[in-house]
Amino acid sequence: MPRIAYVDGQFVRHGDASVHVEDRGLQFGDAVYEVWAVRNGILFDSEGHLARLARSLAALQIKAPRADQSLMIVVRELMTRNKLKDGLVYLQISRGVARRDHPFPAHSRPSIILTARPMNMAQADARAAKGIQVQTRPDNRWGRVDIKTVNLLPNVLAKQAALEAGFQDAWFIDGSGMVTEGTAQNAWIVDSTGTLRTRPATHAILRGITRDTIIKTAQALGFAFEEKAFSRDEALQAREAFITSATSFVTPVIGIDGEKIGEGAPGPIARKLRETYLSQQTSVKKP
Ligand code: PDD
């Protein structure tokens with residue numbers, strides 16, 4: 001079965017899908033994106049991602065090219081055409097095609113790209129059962145990483161450097177020595193007093209949709225929780241650490257820069273949050 005993508009109103013074979021050479025997403029990174037997880041055919045946190053998409057578009061003054069409902073019809077059709085049971089859906093909306101010039105073009109129609117790809121959930125679950133090791137790297141990104149734009153070069157370089165150094169990912173550290181987030185995930189700890197902590201959603205991090213759901217899950221489970229930044233040292237003293245994102249759900253972090261966190265094994269709180277999150281999402285029937 002061929003993989004199918006969607007580009008500007010048409011479903012096309014993935015290998016034939018292309019954008020114009022003067023698309024502003026390609027020329028300037030003038031585009032926003034979203035990633036949804038699909039597990040057992042269910043699109044996770046669908047409304048949260050749509051709400052953030054609207055915020056990102058508004059921040060860049062790009063007019064939403066489709067209403068949410070009509071966009072979701074396309075997303076679901078793409079899932080059907082790809083027989084996507086377990087995987088990811090990627091959406092990108094750029095300001096559109098125009099002669100290369102920095103200011104916003106007077107007239108441009110936002111371009112939409114949608115792709116779907118399968119993901120091996122058994123592998124993802126095994127990775128979470130084992131936990132990952134991260135390397136800290138200076139946060140050298142721009143000041144509005146709360147907008148989900150496609151400008152991900154610092155994230156790409158940090159991830160690559162971490163992999164080359166033998167880690168599975170990187171955590172960014174700000175100028176005050178505090179952890180901001182991962183290259184494509186939010187960062188969390190269970191601190192030495194047993195309180196769950198993640199950084200407040202300012203301009204310094206992307207406010208993850210998984211993060212928001214996990215905050216609610218943690219509160220419903222009765223875990224002590226605080227939105228408060230933590231340093232690398234606090235993370236090393238923590239009982240547990242983990243990341244959250246659409247692609248990792250909740251995945252334990254068992255070491256930082258080669259030093260163990262806690263026992264150097266996934267902890268009970270991260271495990272409980274992952275299990276609860278997955279069962280909540282897959283038991284909620286989405287319209
Ligand atoms: N990344 N922080 C950053 C920098 C991210 O890129 C992401 C998501 C997150 C977590 O957000 P969410 O929980 O909404 O997935 C936090 C996606 C998955 C990506 O770039 O592939």
# chains A, B, ... in the order shown; residues from 1 in each chain; ligands from 1
>>> closest_atom_pairs(of="chain A", to="ligand 1", cutoff="6 Å", atoms="only C-alpha atoms and all ligand atoms", output="tab-separated table")
residue	atom	partner	partner_atom_place_in_ligand_line	distance
A:Val35	CA	ligand 1	18 (C)	5.4
A:Thr183	CA	ligand 1	4 (C)	5.2
A:Ala184	CA	ligand 1	6 (O)	3.4
A:Gln185	CA	ligand 1	16 (C)	3.7
A:Asn186	CA	ligand 1	16 (C)	4.5
A:Leu206	CA	ligand 1	2 (N)	4.6
A:Gly208	CA	ligand 1	11 (O)	3.4
A:Ile209	CA	ligand 1	14 (O)	3.7
A:Thr210	CA	ligand 1	13 (O)	3.7
A:Arg211	CA	ligand 1	13 (O)	5.5
A:Thr244	CA	ligand 1	13 (O)	5.8
A:Ser245	CA	ligand 1	13 (O)	3.4
A:Ala246	CA	ligand 1	15 (O)	3.7
A:Thr247	CA	ligand 1	18 (C)	5.1
>>> closest_atom_pairs(of="region 16-95 of chain A", to="region 100-117 of chain A", cutoff="8 Å", atoms="only C-alpha atoms", output="JSON lines")
{"residue": "A:Glu22", "atom": "CA", "partner": "A:Arg100", "partner_atom": "CA", "distance": 6.5}
{"residue": "A:Asp23", "atom": "CA", "partner": "A:Ser111", "partner_atom": "CA", "distance": 7.9}
{"residue": "A:Arg24", "atom": "CA", "partner": "A:Arg100", "partner_atom": "CA", "distance": 7.7}
{"residue": "A:Gln27", "atom": "CA", "partner": "A:Arg100", "partner_atom": "CA", "distance": 7.3}
{"residue": "A:Ile62", "atom": "CA", "partner": "A:Pro110", "partner_atom": "CA", "distance": 7.2}
{"residue": "A:Lys63", "atom": "CA", "partner": "A:Pro110", "partner_atom": "CA", "distance": 7.3}
{"residue": "A:Ala64", "atom": "CA", "partner": "A:Pro110", "partner_atom": "CA", "distance": 7.7}
{"residue": "A:Pro65", "atom": "CA", "partner": "A:Pro110", "partner_atom": "CA", "distance": 6.1}
{"residue": "A:Val75", "atom": "CA", "partner": "A:Leu114", "partner_atom": "CA", "distance": 7.6}
{"residue": "A:Leu78", "atom": "CA", "partner": "A:Ala116", "partner_atom": "CA", "distance": 7.2}
{"residue": "A:Met79", "atom": "CA", "partner": "A:Ala116", "partner_atom": "CA", "distance": 6.9}
{"residue": "A:Asn82", "atom": "CA", "partner": "A:Ala116", "partner_atom": "CA", "distance": 7.1}
{"residue": "A:Leu84", "atom": "CA", "partner": "A:Arg117", "partner_atom": "CA", "distance": 7.4}
{"residue": "A:Gly87", "atom": "CA", "partner": "A:Arg117", "partner_atom": "CA", "distance": 5.5}
{"residue": "A:Leu88", "atom": "CA", "partner": "A:Arg117", "partner_atom": "CA", "distance": 5.4}
{"residue": "A:Val89", "atom": "CA", "partner": "A:Ala116", "partner_atom": "CA", "distance": 4.5}
{"residue": "A:Tyr90", "atom": "CA", "partner": "A:Thr115", "partner_atom": "CA", "distance": 5.2}
{"residue": "A:Leu91", "atom": "CA", "partner": "A:Leu114", "partner_atom": "CA", "distance": 4.5}
{"residue": "A:Gln92", "atom": "CA", "partner": "A:Ile113", "partner_atom": "CA", "distance": 5.1}
{"residue": "A:Ile93", "atom": "CA", "partner": "A:Ile112", "partner_atom": "CA", "distance": 4.7}
{"residue": "A:Ser94", "atom": "CA", "partner": "A:Ser111", "partner_atom": "CA", "distance": 5.2}
{"residue": "A:Arg95", "atom": "CA", "partner": "A:Pro110", "partner_atom": "CA", "distance": 4.5}
>>> residues_around(residues="region 224-231 of chain A", least_positions_apart="6", cutoff="6 Å", atoms="only C-alpha atoms", output="PDB file with C-alpha atoms, in the first residue's frame")
ATOM      1  CA  GLY A 177      21.670  26.899  34.842  1.00  0.00           C
ATOM      2  CA  MET A 178      18.032  25.828  34.791  1.00  0.00           C
ATOM      3  CA  VAL A 179      16.668  23.089  32.526  1.00  0.00           C
ATOM      4  CA  THR A 195       7.067  16.823  44.285  1.00  0.00           C
ATOM      5  CA  LEU A 196       6.542  16.566  40.551  1.00  0.00           C
ATOM      6  CA  ARG A 197       8.043  19.574  38.812  1.00  0.00           C
ATOM      7  CA  THR A 198       8.088  20.973  35.297  1.00  0.00           C
ATOM      8  CA  ARG A 199       9.026  24.424  34.092  1.00  0.00           C
ATOM      9  CA  PRO A 200       6.267  27.065  33.881  1.00  0.00           C
TER      10      PRO A 200
END
>>> atom_distance(atom1="CA of Val250 (chain A)", atom2="CA of Leu273 (chain A)")
7.0 Å
>>> select_by_dssp(residues="region 159-287 of chain A", states="strand (DSSP E)", output="PyMOL selection string")
chain A and resi 169-173+179-182+186-190+196-198+225-227+240-245+249-256+259-260
>>> residues_around(residues="Phe172 (chain A)", least_positions_apart="2", cutoff="9 Å", atoms="only C-alpha atoms", output="PyMOL selection string")
chain A and resi 135-140+155+158+170+174+178-183
>>> write_last_selection(atoms="all heavy atoms", output="short mmCIF file (atom, residue, chain, number, x, y, z; two decimals), in the first residue's frame")
data_model
loop_
_atom_site.label_atom_id
_atom_site.label_comp_id
_atom_site.auth_asym_id
_atom_site.auth_seq_id
_atom_site.Cartn_x
_atom_site.Cartn_y
_atom_site.Cartn_z
N GLN A 135 21.91 14.24 27.63
CA GLN A 135 23.10 15.09 27.81
C GLN A 135 22.60 16.53 27.90
O GLN A 135 21.70 16.91 27.15
CB GLN A 135 24.00 14.95 26.59
CG GLN A 135 25.30 15.71 26.72
CD GLN A 135 26.15 15.63 25.45
OE1 GLN A 135 25.63 15.71 24.34
NE2 GLN A 135 27.45 15.45 25.62
N THR A 136 23.16 17.34 28.80
CA THR A 136 22.74 18.74 28.85
C THR A 136 23.55 19.55 27.84
O THR A 136 24.74 19.26 27.60
CB THR A 136 22.91 19.33 30.26
OG1 THR A 136 24.26 19.17 30.68
CG2 THR A 136 21.99 18.66 31.25
N ARG A 137 22.88 20.54 27.25
CA ARG A 137 23.51 21.40 26.24
C ARG A 137 22.98 22.81 26.43
O ARG A 137 21.82 22.98 26.84
CB ARG A 137 23.15 20.95 24.81
CG ARG A 137 23.20 19.47 24.62
CD ARG A 137 24.00 18.95 23.46
NE ARG A 137 24.91 19.81 22.81
CZ ARG A 137 26.18 19.52 22.60
NH1 ARG A 137 26.70 18.41 23.08
NH2 ARG A 137 26.94 20.32 21.91
N PRO A 138 23.79 23.83 26.15
CA PRO A 138 23.28 25.21 26.31
C PRO A 138 22.08 25.46 25.42
O PRO A 138 22.05 25.01 24.27
CB PRO A 138 24.46 26.08 25.87
CG PRO A 138 25.62 25.18 25.69
CD PRO A 138 25.16 23.76 25.66
N ASP A 139 21.09 26.16 25.96
CA ASP A 139 19.90 26.50 25.17
C ASP A 139 20.24 27.72 24.32
O ASP A 139 20.31 28.84 24.82
CB ASP A 139 18.70 26.78 26.09
CG ASP A 139 17.39 26.76 25.32
OD1 ASP A 139 17.42 26.96 24.09
OD2 ASP A 139 16.33 26.53 25.94
N ASN A 140 20.47 27.48 23.03
CA ASN A 140 20.87 28.58 22.14
C ASN A 140 19.77 28.92 21.14
O ASN A 140 20.03 29.36 20.04
CB ASN A 140 22.18 28.22 21.42
CG ASN A 140 22.08 26.89 20.68
OD1 ASN A 140 21.03 26.23 20.72
ND2 ASN A 140 23.13 26.49 20.01
N ASN A 155 17.64 22.55 17.87
CA ASN A 155 17.14 21.27 18.39
C ASN A 155 17.77 20.11 17.64
O ASN A 155 18.20 19.12 18.23
CB ASN A 155 15.61 21.19 18.24
CG ASN A 155 14.89 22.43 18.76
OD1 ASN A 155 15.20 23.55 18.35
ND2 ASN A 155 13.97 22.26 19.66
N ALA A 158 21.49 19.88 18.65
CA ALA A 158 21.66 19.36 20.02
C ALA A 158 21.38 17.86 20.06
O ALA A 158 22.10 17.09 20.71
CB ALA A 158 20.73 20.10 20.97
N ALA A 170 18.94 15.24 24.33
CA ALA A 170 19.58 16.34 25.06
C ALA A 170 18.54 17.14 25.82
O ALA A 170 17.38 17.20 25.42
CB ALA A 170 20.31 17.25 24.07
N ASP A 174 19.32 26.85 30.41
CA ASP A 174 19.31 28.29 30.14
C ASP A 174 20.51 28.98 30.78
O ASP A 174 21.32 28.34 31.47
CB ASP A 174 17.96 28.92 30.55
CG ASP A 174 17.76 28.98 32.06
OD1 ASP A 174 18.73 28.78 32.82
OD2 ASP A 174 16.61 29.24 32.48
N MET A 178 19.27 26.59 34.62
CA MET A 178 18.03 25.83 34.79
C MET A 178 17.68 25.07 33.51
O MET A 178 17.93 25.56 32.39
CB MET A 178 16.86 26.76 35.13
CG MET A 178 17.13 27.70 36.29
SD MET A 178 17.58 26.85 37.81
CE MET A 178 15.96 26.55 38.51
N VAL A 179 17.09 23.89 33.68
CA VAL A 179 16.67 23.09 32.53
C VAL A 179 15.47 23.79 31.88
O VAL A 179 14.53 24.18 32.59
CB VAL A 179 16.27 21.66 32.98
CG1 VAL A 179 15.70 20.85 31.82
CG2 VAL A 179 17.47 20.95 33.61
N THR A 180 15.52 23.97 30.55
CA THR A 180 14.31 24.49 29.89
C THR A 180 13.45 23.30 29.44
O THR A 180 12.38 23.09 29.99
CB THR A 180 14.65 25.43 28.71
OG1 THR A 180 15.59 24.81 27.85
CG2 THR A 180 15.17 26.77 29.21
N GLU A 181 13.96 22.53 28.48
CA GLU A 181 13.19 21.36 27.99
C GLU A 181 14.11 20.49 27.15
O GLU A 181 15.30 20.78 26.99
CB GLU A 181 11.98 21.82 27.19
CG GLU A 181 12.32 22.66 25.97
CD GLU A 181 11.10 23.18 25.23
OE1 GLU A 181 10.04 22.54 25.27
OE2 GLU A 181 11.25 24.23 24.58
N GLY A 182 13.55 19.42 26.60
CA GLY A 182 14.32 18.55 25.72
C GLY A 182 14.29 19.09 24.30
O GLY A 182 13.69 20.14 24.02
N THR A 183 14.94 18.37 23.38
CA THR A 183 15.00 18.85 21.99
C THR A 183 13.62 18.80 21.34
O THR A 183 13.35 19.56 20.42
CB THR A 183 15.98 18.01 21.16
OG1 THR A 183 15.54 16.64 21.19
CG2 THR A 183 17.39 18.10 21.69
#
>>> closest_atom_pairs(of="region 193-243 of chain A", to="region 261-270 of chain A", cutoff="8 Å", atoms="only C-alpha atoms", output="CSV")
residue,atom,partner,partner_atom,distance
A:Ala235,CA,A:Ile261,CA,7.4
A:Leu236,CA,A:Ile261,CA,5.4
A:Gln237,CA,A:Ile261,CA,6.9
A:Ala238,CA,A:Ile261,CA,6.4
A:Arg239,CA,A:Gly262,CA,5.0
A:Glu240,CA,A:Gly267,CA,5.7
A:Ala241,CA,A:Ile261,CA,7.3
A:Phe242,CA,A:Ala270,CA,6.6
>>> write_last_selection(atoms="all heavy atoms", output="PDB file, in the first residue's frame")
ATOM      1  N   ALA A 235      18.023  18.066  39.217  1.00  0.00           N
ATOM      2  CA  ALA A 235      17.611  16.868  38.461  1.00  0.00           C
ATOM      3  C   ALA A 235      18.471  15.675  38.877  1.00  0.00           C
ATOM      4  O   ALA A 235      17.973  14.549  38.997  1.00  0.00           O
ATOM      5  CB  ALA A 235      17.716  17.130  36.962  1.00  0.00           C
ATOM      6  N   LEU A 236      19.750  15.939  39.137  1.00  0.00           N
ATOM      7  CA  LEU A 236      20.630  14.829  39.548  1.00  0.00           C
ATOM      8  C   LEU A 236      20.297  14.333  40.961  1.00  0.00           C
ATOM      9  O   LEU A 236      20.525  13.168  41.279  1.00  0.00           O
ATOM     10  CB  LEU A 236      22.097  15.251  39.450  1.00  0.00           C
ATOM     11  CG  LEU A 236      22.643  15.233  38.017  1.00  0.00           C
ATOM     12  CD1 LEU A 236      24.005  15.898  37.935  1.00  0.00           C
ATOM     13  CD2 LEU A 236      22.710  13.800  37.475  1.00  0.00           C
ATOM     14  N   GLN A 237      19.745  15.240  41.784  1.00  0.00           N
ATOM     15  CA  GLN A 237      19.338  14.845  43.155  1.00  0.00           C
ATOM     16  C   GLN A 237      17.920  14.272  43.183  1.00  0.00           C
ATOM     17  O   GLN A 237      17.453  13.834  44.233  1.00  0.00           O
ATOM     18  CB  GLN A 237      19.342  16.066  44.103  1.00  0.00           C
ATOM     19  CG  GLN A 237      20.684  16.758  44.257  1.00  0.00           C
ATOM     20  CD  GLN A 237      21.775  15.803  44.673  1.00  0.00           C
ATOM     21  OE1 GLN A 237      21.561  14.976  45.555  1.00  0.00           O
ATOM     22  NE2 GLN A 237      22.909  15.866  44.022  1.00  0.00           N
ATOM     23  N   ALA A 238      17.225  14.334  42.031  1.00  0.00           N
ATOM     24  CA  ALA A 238      15.807  13.976  42.009  1.00  0.00           C
ATOM     25  C   ALA A 238      15.595  12.478  42.206  1.00  0.00           C
ATOM     26  O   ALA A 238      16.503  11.672  41.991  1.00  0.00           O
ATOM     27  CB  ALA A 238      15.191  14.417  40.681  1.00  0.00           C
ATOM     28  N   ARG A 239      14.370  12.134  42.603  1.00  0.00           N
ATOM     29  CA  ARG A 239      14.022  10.702  42.723  1.00  0.00           C
ATOM     30  C   ARG A 239      13.811  10.100  41.337  1.00  0.00           C
ATOM     31  O   ARG A 239      14.103   8.929  41.105  1.00  0.00           O
ATOM     32  CB  ARG A 239      12.730  10.552  43.523  1.00  0.00           C
ATOM     33  CG  ARG A 239      12.902  10.979  44.974  1.00  0.00           C
ATOM     34  CD  ARG A 239      11.630  10.705  45.744  1.00  0.00           C
ATOM     35  NE  ARG A 239      11.709  11.313  47.063  1.00  0.00           N
ATOM     36  CZ  ARG A 239      10.720  11.377  47.921  1.00  0.00           C
ATOM     37  NH1 ARG A 239       9.537  10.845  47.610  1.00  0.00           N
ATOM     38  NH2 ARG A 239      10.863  11.938  49.095  1.00  0.00           N
ATOM     39  N   GLU A 240      13.201  10.916  40.469  1.00  0.00           N
ATOM     40  CA  GLU A 240      12.911  10.448  39.109  1.00  0.00           C
ATOM     41  C   GLU A 240      12.998  11.619  38.156  1.00  0.00           C
ATOM     42  O   GLU A 240      12.853  12.774  38.574  1.00  0.00           O
ATOM     43  CB  GLU A 240      11.465   9.918  39.001  1.00  0.00           C
ATOM     44  CG  GLU A 240      11.154   8.706  39.811  1.00  0.00           C
ATOM     45  CD  GLU A 240       9.716   8.221  39.554  1.00  0.00           C
ATOM     46  OE1 GLU A 240       9.224   8.342  38.416  1.00  0.00           O
ATOM     47  OE2 GLU A 240       9.104   7.726  40.508  1.00  0.00           O
ATOM     48  N   ALA A 241      13.152  11.314  36.876  1.00  0.00           N
ATOM     49  CA  ALA A 241      13.044  12.337  35.832  1.00  0.00           C
ATOM     50  C   ALA A 241      12.374  11.680  34.636  1.00  0.00           C
ATOM     51  O   ALA A 241      12.442  10.455  34.472  1.00  0.00           O
ATOM     52  CB  ALA A 241      14.417  12.866  35.463  1.00  0.00           C
ATOM     53  N   PHE A 242      11.729  12.498  33.826  1.00  0.00           N
ATOM     54  CA  PHE A 242      11.117  11.950  32.611  1.00  0.00           C
ATOM     55  C   PHE A 242      10.828  13.060  31.618  1.00  0.00           C
ATOM     56  O   PHE A 242      10.961  14.256  31.940  1.00  0.00           O
ATOM     57  CB  PHE A 242       9.858  11.130  32.935  1.00  0.00           C
ATOM     58  CG  PHE A 242       8.748  11.864  33.637  1.00  0.00           C
ATOM     59  CD1 PHE A 242       7.732  12.487  32.927  1.00  0.00           C
ATOM     60  CD2 PHE A 242       8.702  11.921  35.033  1.00  0.00           C
ATOM     61  CE1 PHE A 242       6.697  13.152  33.579  1.00  0.00           C
ATOM     62  CE2 PHE A 242       7.667  12.588  35.695  1.00  0.00           C
ATOM     63  CZ  PHE A 242       6.660  13.201  34.965  1.00  0.00           C
TER      64      PHE A 242
END
>>> residues_around(residues="Arg13 (chain A)", least_positions_apart="5", cutoff="9 Å", atoms="only C-alpha atoms", output="VMD selection string")
chain A and resid 2 to 6
>>> write_last_selection(atoms="N, CA and C atoms", output="mmCIF file, in the first residue's frame")
data_model
loop_
_atom_site.group_PDB
_atom_site.id
_atom_site.type_symbol
_atom_site.label_atom_id
_atom_site.label_comp_id
_atom_site.auth_asym_id
_atom_site.auth_seq_id
_atom_site.Cartn_x
_atom_site.Cartn_y
_atom_site.Cartn_z
ATOM 1 N N PRO A 2 0.683 2.166 -0.954
ATOM 2 C CA PRO A 2 1.570 3.342 -0.984
ATOM 3 C C PRO A 2 1.255 4.301 0.163
ATOM 4 N N ARG A 3 2.285 4.951 0.668
ATOM 5 C CA ARG A 3 2.082 5.997 1.678
ATOM 6 C C ARG A 3 1.484 7.210 0.988
ATOM 7 N N ILE A 4 0.534 7.842 1.653
ATOM 8 C CA ILE A 4 -0.162 8.988 1.063
ATOM 9 C C ILE A 4 0.071 10.233 1.911
ATOM 10 N N ALA A 5 0.332 11.341 1.236
ATOM 11 C CA ALA A 5 0.461 12.640 1.909
ATOM 12 C C ALA A 5 -0.643 13.555 1.390
ATOM 13 N N TYR A 6 -0.770 14.685 2.031
ATOM 14 C CA TYR A 6 -1.767 15.669 1.597
ATOM 15 C C TYR A 6 -1.038 16.990 1.423
#
>>> closest_residue(among="A:Arg207, A:Thr202, A:Val134, A:Asn151", to="Leu53 (chain A)", atoms="only C-alpha atoms")
A:Arg207
>>> closest_residue(among="A:Arg232, A:Lys148, A:Arg76, A:Arg127", to="Ala59 (chain A)", atoms="only C-alpha atoms")
A:Lys148
>>> residues_around(residues="Ala128 (chain A)", least_positions_apart="2", cutoff="10 Å", atoms="only C-alpha atoms", output="list in words")
Ala122, Gln123, Ala124, Asp125, Ala126, Lys130, Gly131, Ile132, Phe242, Ser248, Phe249, Val250, Thr251, Pro252, Val253, Pro266, Ala270, Arg271 and Arg274 of chain A
>>> select_by_dssp(residues="region 128-273 of chain A", states="helix (DSSP H, G or I)", output="MDAnalysis selection string")
chainID A and resid 128:130 153:164 209:220 232:237 268:273
>>> closest_residue(among="A:Glu234, A:Asp169, A:Glu77, A:Asp86", to="Phe11 (chain A)", atoms="only C-alpha atoms")
A:Glu77
>>> closest_residue(among="A:Gly255, A:Gly96, A:Gly9, A:Gly48", to="Gly25 (chain A)", atoms="only C-alpha atoms")
A:Gly96
>>> decode(residues="region 252-268 of chain A", atoms="N, CA, C and O atoms", output="short mmCIF file (atom, residue, chain, number, x, y, z; two decimals), in the first residue's frame")
data_model
loop_
_atom_site.label_atom_id
_atom_site.label_comp_id
_atom_site.auth_asym_id
_atom_site.auth_seq_id
_atom_site.Cartn_x
_atom_site.Cartn_y
_atom_site.Cartn_z
N PRO A 252 10.80 7.71 30.90
CA PRO A 252 11.73 8.00 31.99
C PRO A 252 13.13 8.38 31.50
O PRO A 252 13.61 7.85 30.50
N VAL A 253 13.73 9.31 32.25
CA VAL A 253 15.14 9.68 32.03
C VAL A 253 15.89 9.11 33.22
O VAL A 253 15.57 9.43 34.37
N ILE A 254 16.87 8.25 32.95
CA ILE A 254 17.54 7.55 34.06
C ILE A 254 18.96 8.07 34.33
O ILE A 254 19.59 7.67 35.30
N GLY A 255 19.42 8.98 33.47
CA GLY A 255 20.75 9.53 33.69
C GLY A 255 20.93 10.85 32.97
O GLY A 255 20.27 11.11 31.97
N ILE A 256 21.78 11.69 33.55
CA ILE A 256 22.09 12.99 32.93
C ILE A 256 23.61 13.13 32.89
O ILE A 256 24.29 12.97 33.92
N ASP A 257 24.13 13.42 31.72
CA ASP A 257 25.58 13.61 31.52
C ASP A 257 26.39 12.45 32.11
O ASP A 257 27.47 12.65 32.68
N GLY A 258 25.81 11.26 32.04
CA GLY A 258 26.55 10.07 32.49
C GLY A 258 26.40 9.78 33.97
O GLY A 258 26.94 8.80 34.47
N GLU A 259 25.64 10.65 34.71
CA GLU A 259 25.41 10.37 36.14
C GLU A 259 24.00 9.83 36.32
O GLU A 259 23.07 10.29 35.66
N LYS A 260 23.86 8.90 37.26
CA LYS A 260 22.55 8.26 37.47
C LYS A 260 21.57 9.19 38.17
O LYS A 260 21.96 9.95 39.06
N ILE A 261 20.29 9.05 37.83
CA ILE A 261 19.24 9.70 38.61
C ILE A 261 18.61 8.60 39.47
O ILE A 261 18.22 7.56 38.94
N GLY A 262 18.52 8.85 40.76
CA GLY A 262 17.97 7.84 41.68
C GLY A 262 18.76 6.55 41.54
O GLY A 262 19.99 6.54 41.58
N GLU A 263 18.03 5.47 41.33
CA GLU A 263 18.67 4.15 41.21
C GLU A 263 19.20 3.90 39.79
O GLU A 263 19.70 2.82 39.50
N GLY A 264 18.97 4.88 38.92
CA GLY A 264 19.40 4.69 37.53
C GLY A 264 18.46 3.77 36.77
O GLY A 264 18.85 3.11 35.81
N ALA A 265 17.19 3.76 37.22
CA ALA A 265 16.17 2.93 36.57
C ALA A 265 14.86 3.71 36.55
O ALA A 265 14.68 4.62 37.38
N PRO A 266 13.93 3.39 35.63
CA PRO A 266 12.65 4.11 35.61
C PRO A 266 11.96 4.03 36.97
O PRO A 266 11.99 3.01 37.64
N GLY A 267 11.34 5.15 37.35
CA GLY A 267 10.70 5.22 38.67
C GLY A 267 9.20 4.95 38.61
O GLY A 267 8.61 4.96 37.53
N PRO A 268 8.58 4.72 39.77
CA PRO A 268 7.16 4.34 39.82
C PRO A 268 6.21 5.46 39.36
O PRO A 268 5.16 5.17 38.80
#
